[in-house]
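As provided, upload27.txt (compact mmCIF, C-alpha atoms and all ligand atoms) reads as follows.
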```txt
# COMPACT_ATOMS: atom_id res chain seq x y z
CA MET Z 29 -15.97 -8.92 -15.62
CA ALA Z 30 -14.58 -6.61 -12.92
CA ARG Z 31 -17.25 -5.00 -10.74
CA VAL Z 32 -15.33 -2.13 -9.08
CA LEU Z 33 -11.83 -1.83 -10.55
CA ASP Z 34 -11.58 -0.48 -14.08
CA GLU Z 35 -9.00 -1.57 -16.66
CA SER Z 36 -6.51 1.18 -15.74
CA GLN Z 37 -6.73 0.17 -12.07
CA LEU Z 38 -6.25 -3.50 -12.96
CA GLU Z 39 -3.20 -2.50 -15.03
CA GLN Z 40 -1.87 -0.47 -12.07
CA TRP Z 41 -2.32 -3.60 -9.93
CA ARG Z 42 -0.52 -5.85 -12.40
CA SER Z 43 2.41 -3.48 -12.92
CA THR Z 44 2.96 -2.06 -9.42
CA GLY Z 45 1.54 -4.69 -7.03
CA ALA Z 46 -1.01 -2.25 -5.60
CA VAL Z 47 -4.02 -0.18 -6.58
CA TRP Z 48 -5.03 3.20 -5.14
CA PRO Z 49 -6.99 5.32 -4.44
CA VAL Z 50 -10.19 3.28 -4.52
CA ASP Z 51 -13.33 4.96 -3.15
CA LEU Z 52 -14.99 2.89 -0.43
CA LEU Z 53 -16.69 4.95 2.31
CA THR Z 54 -18.26 8.40 2.42
CA SER Z 55 -16.36 11.00 4.43
CA GLY Z 56 -19.18 10.84 7.01
CA GLU Z 57 -18.80 7.07 7.35
CA ALA Z 58 -15.03 7.44 7.70
CA ALA Z 59 -15.53 10.10 10.40
CA GLY Z 60 -17.85 7.74 12.28
CA LEU Z 61 -15.27 4.94 12.14
CA ARG Z 62 -12.54 7.33 13.25
CA ALA Z 63 -14.66 8.31 16.28
CA ARG Z 64 -15.29 4.65 17.17
CA TYR Z 65 -11.62 3.79 16.78
CA GLU Z 66 -10.52 6.75 18.93
CA ALA Z 67 -13.02 5.88 21.67
CA LEU Z 68 -11.77 2.28 21.65
CA ASP Z 69 -8.16 3.42 21.69
CA GLU Z 70 -8.72 5.75 24.64
CA SER Z 71 -10.49 3.10 26.69
CA THR Z 72 -7.97 0.34 25.97
CA GLU Z 73 -4.97 -0.08 28.20
CA GLY Z 74 -1.87 0.17 26.03
CA GLY Z 75 -3.93 1.33 23.02
CA ALA Z 76 -6.20 -0.46 20.56
CA GLN Z 77 -3.59 -1.34 17.96
CA SER Z 78 -1.41 -3.25 20.38
CA ARG Z 79 -4.34 -4.99 22.15
CA TYR Z 80 -6.26 -6.08 19.01
CA ARG Z 81 -3.82 -7.73 16.63
CA ILE Z 82 -3.93 -9.93 13.55
CA LYS Z 83 -7.76 -10.24 13.79
CA ALA Z 84 -8.57 -6.78 15.14
CA HIS Z 85 -12.14 -6.95 13.83
CA LEU Z 86 -13.05 -10.13 15.65
CA PRO Z 87 -14.82 -8.70 18.75
CA PHE Z 88 -16.41 -5.69 17.00
CA PRO Z 89 -19.60 -5.90 14.87
CA TRP Z 90 -18.91 -2.42 13.39
CA LEU Z 91 -15.63 -3.71 11.92
CA TRP Z 92 -17.32 -6.87 10.57
CA ASP Z 93 -19.71 -4.45 8.84
CA VAL Z 94 -16.77 -2.69 7.18
CA ILE Z 95 -15.30 -6.01 6.02
CA ARG Z 96 -18.64 -7.14 4.61
CA ARG Z 97 -19.33 -3.98 2.62
CA PRO Z 98 -20.42 -5.13 -0.84
CA ARG Z 99 -18.13 -2.65 -2.61
CA LEU Z 100 -15.10 -3.93 -0.69
CA ILE Z 101 -16.01 -7.55 -1.42
CA ASP Z 102 -16.53 -6.72 -5.10
CA ALA Z 103 -13.16 -4.93 -5.35
CA ILE Z 104 -11.35 -7.85 -3.72
CA GLY Z 105 -13.28 -10.27 -5.95
CA ASP Z 106 -11.91 -8.39 -8.97
CA LEU Z 107 -8.43 -9.44 -7.83
CA LEU Z 108 -8.97 -12.82 -6.15
CA GLY Z 109 -11.79 -14.40 -8.13
CA PRO Z 110 -14.93 -16.16 -6.93
CA ASP Z 111 -13.86 -17.85 -3.67
CA PHE Z 112 -12.12 -15.90 -0.91
CA VAL Z 113 -11.87 -15.30 2.81
CA CYS Z 114 -10.89 -12.52 5.17
CA TRP Z 115 -8.33 -14.10 7.48
CA GLY Z 116 -7.14 -11.07 9.44
CA SER Z 117 -7.02 -7.35 10.08
CA SER Z 118 -4.85 -4.79 11.87
CA PHE Z 119 -5.04 -1.15 12.92
CA PHE Z 120 -2.21 1.09 11.75
CA ALA Z 121 -2.58 4.41 13.57
CA LYS Z 122 -0.11 7.24 14.02
CA LYS Z 123 -1.07 10.20 16.17
CA ALA Z 124 -0.51 13.78 14.96
CA HIS Z 125 3.25 14.49 14.88
CA ASP Z 126 3.97 10.89 15.78
CA PRO Z 127 7.55 9.76 15.03
CA SER Z 128 6.35 6.18 14.45
CA PHE Z 129 7.28 4.72 11.10
CA ILE Z 130 7.15 1.36 9.34
CA SER Z 131 10.32 -0.05 7.83
CA TRP Z 132 10.46 -1.53 4.33
CA HIS Z 133 9.03 -5.03 4.53
CA GLN Z 134 7.13 -7.70 2.66
CA ASP Z 135 4.08 -9.27 4.31
CA SER Z 136 4.40 -12.66 2.59
CA THR Z 137 7.62 -13.43 4.46
CA TYR Z 138 5.64 -13.51 7.71
CA TYR Z 139 2.08 -14.57 6.91
CA GLY Z 140 2.82 -18.31 6.56
CA LEU Z 141 0.47 -18.79 3.62
CA ASP Z 142 0.86 -21.37 0.86
CA PRO Z 143 0.85 -20.26 -1.86
CA PRO Z 144 1.91 -16.84 -0.54
CA GLU Z 145 -0.92 -15.03 -2.24
CA SER Z 146 -2.78 -12.61 0.01
CA VAL Z 147 -3.94 -9.04 -0.48
CA THR Z 148 -4.52 -6.25 2.03
CA ALA Z 149 -7.06 -3.45 1.74
CA TRP Z 150 -5.75 -0.47 3.74
CA ILE Z 151 -8.82 1.62 4.55
CA ALA Z 152 -8.25 5.24 5.56
CA PHE Z 153 -10.39 6.44 8.49
CA THR Z 154 -8.60 9.85 8.22
CA ASP Z 155 -6.67 11.56 5.43
CA ALA Z 156 -3.45 9.61 4.82
CA THR Z 157 -1.44 12.16 2.85
CA SER Z 158 2.29 12.30 2.21
CA GLU Z 159 2.65 14.71 5.17
CA ALA Z 160 0.70 12.30 7.40
CA GLY Z 161 2.98 9.36 6.50
CA CYS Z 162 0.89 7.48 3.97
CA MET Z 163 2.02 4.06 2.79
CA LYS Z 164 4.55 3.80 -0.01
CA ILE Z 165 5.54 0.82 -2.11
CA VAL Z 166 8.40 -0.34 -4.27
CA ALA Z 167 6.45 -0.51 -7.51
CA GLY Z 168 6.80 -3.89 -9.22
CA SER Z 169 8.40 -5.65 -6.25
CA HIS Z 170 5.52 -8.17 -6.20
CA LEU Z 171 7.09 -9.66 -9.35
CA GLY Z 172 10.27 -10.54 -7.43
CA PRO Z 173 10.94 -13.25 -4.81
CA GLU Z 174 8.04 -14.25 -2.58
CA ILE Z 175 10.18 -14.58 0.54
CA LEU Z 176 12.84 -11.88 1.05
CA VAL Z 177 15.58 -11.69 3.66
CA HIS Z 178 14.58 -9.29 6.45
CA ASP Z 179 17.03 -8.03 9.04
CA GLU Z 180 15.75 -7.26 12.51
CA ILE Z 181 16.75 -3.68 13.27
CA PRO Z 182 15.20 -2.68 16.61
CA ASP Z 183 13.96 0.90 16.82
CA PRO Z 184 11.42 2.07 19.41
CA ASP Z 185 9.68 4.15 16.74
CA ASN Z 186 9.29 1.27 14.31
CA MET Z 187 5.69 0.02 14.46
CA LEU Z 188 6.97 -3.41 13.39
CA VAL Z 189 7.89 -4.72 16.81
CA ARG Z 190 10.85 -6.77 15.61
CA GLY Z 191 12.03 -4.06 13.24
CA GLN Z 192 11.84 -6.39 10.24
CA THR Z 193 13.55 -4.57 7.39
CA VAL Z 194 14.42 -5.27 3.78
CA ARG Z 195 17.78 -3.54 3.38
CA ASP Z 196 19.10 -1.57 0.43
CA VAL Z 197 15.74 -0.63 -1.03
CA ASP Z 198 16.15 1.66 -4.03
CA GLU Z 199 14.18 4.69 -2.75
CA SER Z 200 13.98 6.06 -6.29
CA LEU Z 201 11.49 3.28 -7.03
CA ALA Z 202 9.28 4.24 -4.06
CA VAL Z 203 5.78 5.42 -4.89
CA GLU Z 204 3.50 6.99 -2.29
CA MET Z 205 -0.14 5.93 -2.03
CA PRO Z 206 -1.96 8.97 -0.56
CA LEU Z 207 -5.60 8.46 0.40
CA ALA Z 208 -8.46 10.69 1.49
CA ALA Z 209 -10.56 9.52 4.43
CA GLY Z 210 -12.88 6.80 3.15
CA GLN Z 211 -10.60 5.67 0.33
CA MET Z 212 -8.48 2.51 0.32
CA SER Z 213 -5.39 1.11 -1.28
CA ILE Z 214 -4.97 -2.60 -1.93
CA HIS Z 215 -1.52 -4.18 -1.95
CA HIS Z 216 -0.25 -7.66 -2.74
CA ASN Z 217 1.56 -9.35 0.13
CA LYS Z 218 4.72 -9.65 -1.95
CA THR Z 219 4.86 -5.88 -2.56
CA ILE Z 220 7.57 -4.21 -0.45
CA HIS Z 221 6.09 -1.30 1.50
CA SER Z 222 6.79 1.15 4.33
CA SER Z 223 5.68 4.50 5.74
CA GLU Z 224 7.23 7.61 7.26
CA PRO Z 225 6.35 9.40 10.52
CA ASN Z 226 3.21 11.53 10.70
CA ARG Z 227 4.23 15.19 10.32
CA ALA Z 228 0.63 16.40 10.04
CA ASP Z 229 -1.61 18.01 12.64
CA TRP Z 230 -4.12 15.15 12.49
CA PRO Z 231 -3.91 11.44 13.27
CA ARG Z 232 -3.37 9.02 10.39
CA ILE Z 233 -5.64 6.05 11.12
CA GLY Z 234 -5.85 3.02 8.85
CA PHE Z 235 -7.62 -0.32 9.13
CA ALA Z 236 -5.82 -3.00 7.12
CA VAL Z 237 -7.90 -6.04 6.14
CA HIS Z 238 -6.22 -9.20 4.88
CA PHE Z 239 -7.85 -11.46 2.26
CA ALA Z 240 -6.87 -14.65 0.43
CA ALA Z 241 -8.43 -17.01 -2.10
CA SER Z 242 -9.88 -19.96 -0.20
CA TYR Z 243 -7.41 -22.40 -1.81
CA VAL Z 244 -4.59 -20.58 0.06
CA ARG Z 245 -3.70 -22.40 3.29
CA GLN Z 246 -2.14 -21.29 6.54
CA VAL Z 247 0.83 -23.65 6.95
CA GLN Z 248 2.50 -22.19 10.05
CA PHE Z 249 -0.12 -23.63 12.41
CA ASP Z 250 -3.25 -25.81 12.42
CA GLY Z 251 -6.81 -24.63 12.88
CA ALA Z 252 -6.59 -21.33 10.97
CA THR Z 253 -9.87 -19.43 10.91
CA ALA Z 254 -11.42 -16.84 8.61
CA ILE Z 255 -14.66 -15.30 7.37
CA LEU Z 256 -15.79 -16.82 4.08
CA LEU Z 257 -16.81 -13.70 2.15
CA ARG Z 258 -17.61 -15.09 -1.27
CA GLY Z 259 -18.05 -18.50 -2.85
CA ASP Z 260 -16.82 -21.66 -1.24
CA ASP Z 261 -13.86 -23.24 0.55
CA PRO Z 262 -14.09 -26.74 -0.98
CA GLU Z 263 -10.86 -28.00 0.63
CA GLY Z 264 -11.93 -26.82 4.09
CA ASN Z 265 -8.76 -24.76 4.54
CA TRP Z 266 -10.40 -22.27 6.90
CA LEU Z 267 -12.55 -22.88 9.96
CA PRO Z 268 -15.19 -20.20 10.56
CA ASP Z 269 -14.38 -17.27 12.83
CA PRO Z 270 -16.92 -16.75 15.62
CA GLU Z 271 -19.14 -13.73 14.96
CA PRO Z 272 -19.67 -11.16 17.75
CA GLU Z 273 -23.14 -10.36 19.06
CA ALA Z 274 -21.90 -7.12 20.60
CA ASP Z 275 -18.62 -5.29 21.18
CA PHE Z 276 -16.17 -7.27 23.32
CA ASP Z 277 -18.01 -10.56 22.73
CA PRO Z 278 -16.14 -12.92 25.10
CA ASP Z 279 -15.97 -15.84 22.63
CA CYS Z 280 -14.46 -13.54 20.02
CA LEU Z 281 -11.97 -12.03 22.48
CA ALA Z 282 -10.88 -15.56 23.38
CA ALA Z 283 -10.56 -16.51 19.69
CA LEU Z 284 -8.55 -13.35 19.05
CA ASP Z 285 -6.12 -14.26 21.82
CA VAL Z 286 -5.75 -17.81 20.48
CA ALA Z 287 -5.07 -16.46 16.97
CA TRP Z 288 -2.48 -13.95 18.18
CA THR Z 289 -0.69 -16.57 20.32
CA ARG Z 290 -0.52 -18.97 17.35
CA TYR Z 291 0.78 -16.23 15.11
CA GLN Z 292 3.42 -15.08 17.61
CA THR Z 293 4.55 -18.66 18.23
CA ALA Z 294 4.95 -19.20 14.49
CA MET Z 295 6.89 -15.93 14.13
CA ARG Z 296 9.26 -16.93 16.95
CA ALA Z 297 9.85 -20.30 15.28
CA GLN Z 298 11.00 -18.48 12.11
CA ARG Z 299 13.91 -16.84 13.90
O1 LIG L 1 0.17 1.59 7.88
C1 LIG L 1 1.27 1.53 7.32
O2 LIG L 1 1.94 2.52 7.11
C2 LIG L 1 1.81 0.20 6.86
C3 LIG L 1 0.75 -0.86 6.85
C4 LIG L 1 1.26 -2.23 6.53
O3 LIG L 1 2.43 -2.54 6.71
C5 LIG L 1 0.32 -3.19 5.98
O4 LIG L 1 -0.88 -2.89 5.85
O5 LIG L 1 0.75 -4.32 5.64
```
So that I can check it, write out the structure of this file as structure tokens.
Amino acid sequence: MARVLDESQLEQWRSTGAVWPVDLLTSGEAAGLRARYEALDESTEGGAQSRYRIKAHLPFPWLWDVIRRPRLIDAIGDLLGPDFVCWGSSFFAKKAHDPSFISWHQDSTYYGLDPPESVTAWIAFTDATSEAGCMKIVAGSHLGPEILVHDEIPDPDNMLVRGQTVRDVDESLAVEMPLAAGQMSIHHNKTIHSSEPNRADWPRIGFAVHFAASYVRQVQFDGATAILLRGDDPEGNWLPDPEPEADFDPDCLAALDVAWTRYQTAMRAQR
């Protein structure tokens, strides 16, 4: 029996490839995370979202705490079943009146997972409204091909560095997923999604956490690591991520760099 998602949310998931809004944090907790993110961003050369990639949580106990929140684990368990891991996370932040956007894309084309079954919880640290450039999806696209052709269309404002884009998306099928601070959406990695620039007076800050059932394997490189969040990993598909004792734990920073290098190398090999 589902623990967090009710039947109408499970039906939304089955029919659209996403579920939203799902309450996760109080507004006070979201404000605290926003403050921590902004302090990190200000003190990081080049900004936090470009320094901490693919496993952004790794050197930060406060982000491990978010990932291990029982309500988040229960919601993901409603979709993935009894055995699953968190294999990655990313910040997606747009400042107030930021022209940055994200082109239409499908995560499964790039994650290198077999089978390509992963889900992402996008947790809003600030209000992610339509005006602020919330995420939108092509409803039902998760029922189509698991690997879609993406063209690389460089644009300095595209937050996807290579400008990966699914062309000819029927915008009439696009559905926005607005969230209040503290809420989350969850999308399947086959669901085509994008977002517009932030036209609001406040920053739109999201923390996207990537999960997969433990039977899913990383096939683009060896030695993939993750946090086992529930159940077991009987095939040993995921080595354990090192856990930080404090912010900027050196072992975790080193592991983050190894993970990002592996991921980048695999992405280059796809071209
Ligand atoms: O933050 C956004 O607008 C897009 C996020 C995204 O592409 C993802 O979480 O996979």
Residues around (-2.5, -1.7, 12.0), cut-off 9 Å, counting only C-alpha atoms - what are they as JSON, numbers by chain?
{"Z": [77, 78, 81, 82, 84, 117, 118, 119, 120, 121, 150, 187, 233, 234, 235, 236]}
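Distances to ligand LIG 1 (chain L) were evaluated for Z:Ala156, Z:Ala287, Z:Ala274, Z:Met29 using only C-alpha atoms and all ligand atoms, and the minimum falls at Z:Ala156.
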Give me, as JSON, numbers by chain, the set of residues whose atoms come within 9 Å of any atom of ligand LIG 1 (chain L), counting all atoms listed in the file.
{"Z": [117, 118, 119, 120, 121, 122, 129, 130, 131, 132, 133, 134, 135, 148, 149, 150, 161, 162, 163, 164, 187, 188, 214, 215, 217, 220, 221, 222, 223, 224, 225, 232, 233, 234, 235, 236, 237, 238]}
Could you give me, as a list of chain:residue names, the residues within 7 Å of range 43-49 of chain Z, counting all atoms listed in the file and dropping anything in the same chain fewer than 2 positions from it?
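Once the nearby chain positions are removed, what remains is Z:Gln37, Z:Glu39, Z:Gln40, Z:Trp41, Z:Asp51, Z:Ala167, Z:Gly168, Z:Ser169, Z:His170, Z:Met205, Z:Leu207, Z:Gln211, Z:Met212, Z:Ser213, Z:Ile214, Z:His215, Z:His216, Z:Thr219.
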Grab the CA of Asp229 in chain Z to CA of His125 in chain Z distance for me, in Å with one decimal place.
6.4 Å
Wanna dump the range 127-211 of chain Z-range 252-256 of chain Z contacts at 12 Å for me, each residue with its shortest atom pair and the distance in Å to one decimal, counting only C-alpha atoms, ordered by chain and number, as JSON lines?
```
{"residue": "Z:Tyr139", "atom": "CA", "partner": "Z:Ala252", "partner_atom": "CA", "distance": 11.7}
{"residue": "Z:Gly140", "atom": "CA", "partner": "Z:Ala252", "partner_atom": "CA", "distance": 10.8}
{"residue": "Z:Leu141", "atom": "CA", "partner": "Z:Ala252", "partner_atom": "CA", "distance": 10.5}
```
Option closest in space to Gly116 in chain Z, from Z:Leu86, Z:Ile101, Z:Leu38, Z:Val244 [counting all atoms listed in the file]:
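Of the candidates, the smallest distance to Gly116 in chain Z is held by Z:Leu86.
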Take CA of Pro182 in chain Z and CA of Ser128 in chain Z and report the distance between them in Å, one decimal.
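That distance, rounded to one decimal, is 12.7 Å.
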What does the structure give for the distance between CA of Gln192 in chain Z and CA of Gly251 in chain Z, in Å to one decimal?
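CA of Gly251 in chain Z lies at a distance of 26.2 Å from CA of Gln192 in chain Z.
With all atoms listed in the file as the atoms that count, the residue of Z:Pro231, Z:Pro206, Z:Gly105, Z:Pro272 with the shortest distance to Ala30 in chain Z is Z:Gly105.
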Just want the 7 Å neighbourhood of range 52-54 of chain Z, counted on only C-alpha atoms, with same-chain residues fewer than 2 positions away dropped. Output as a PyMOL selection string.
chain Z and resi 50+56-58+99-100+210-212
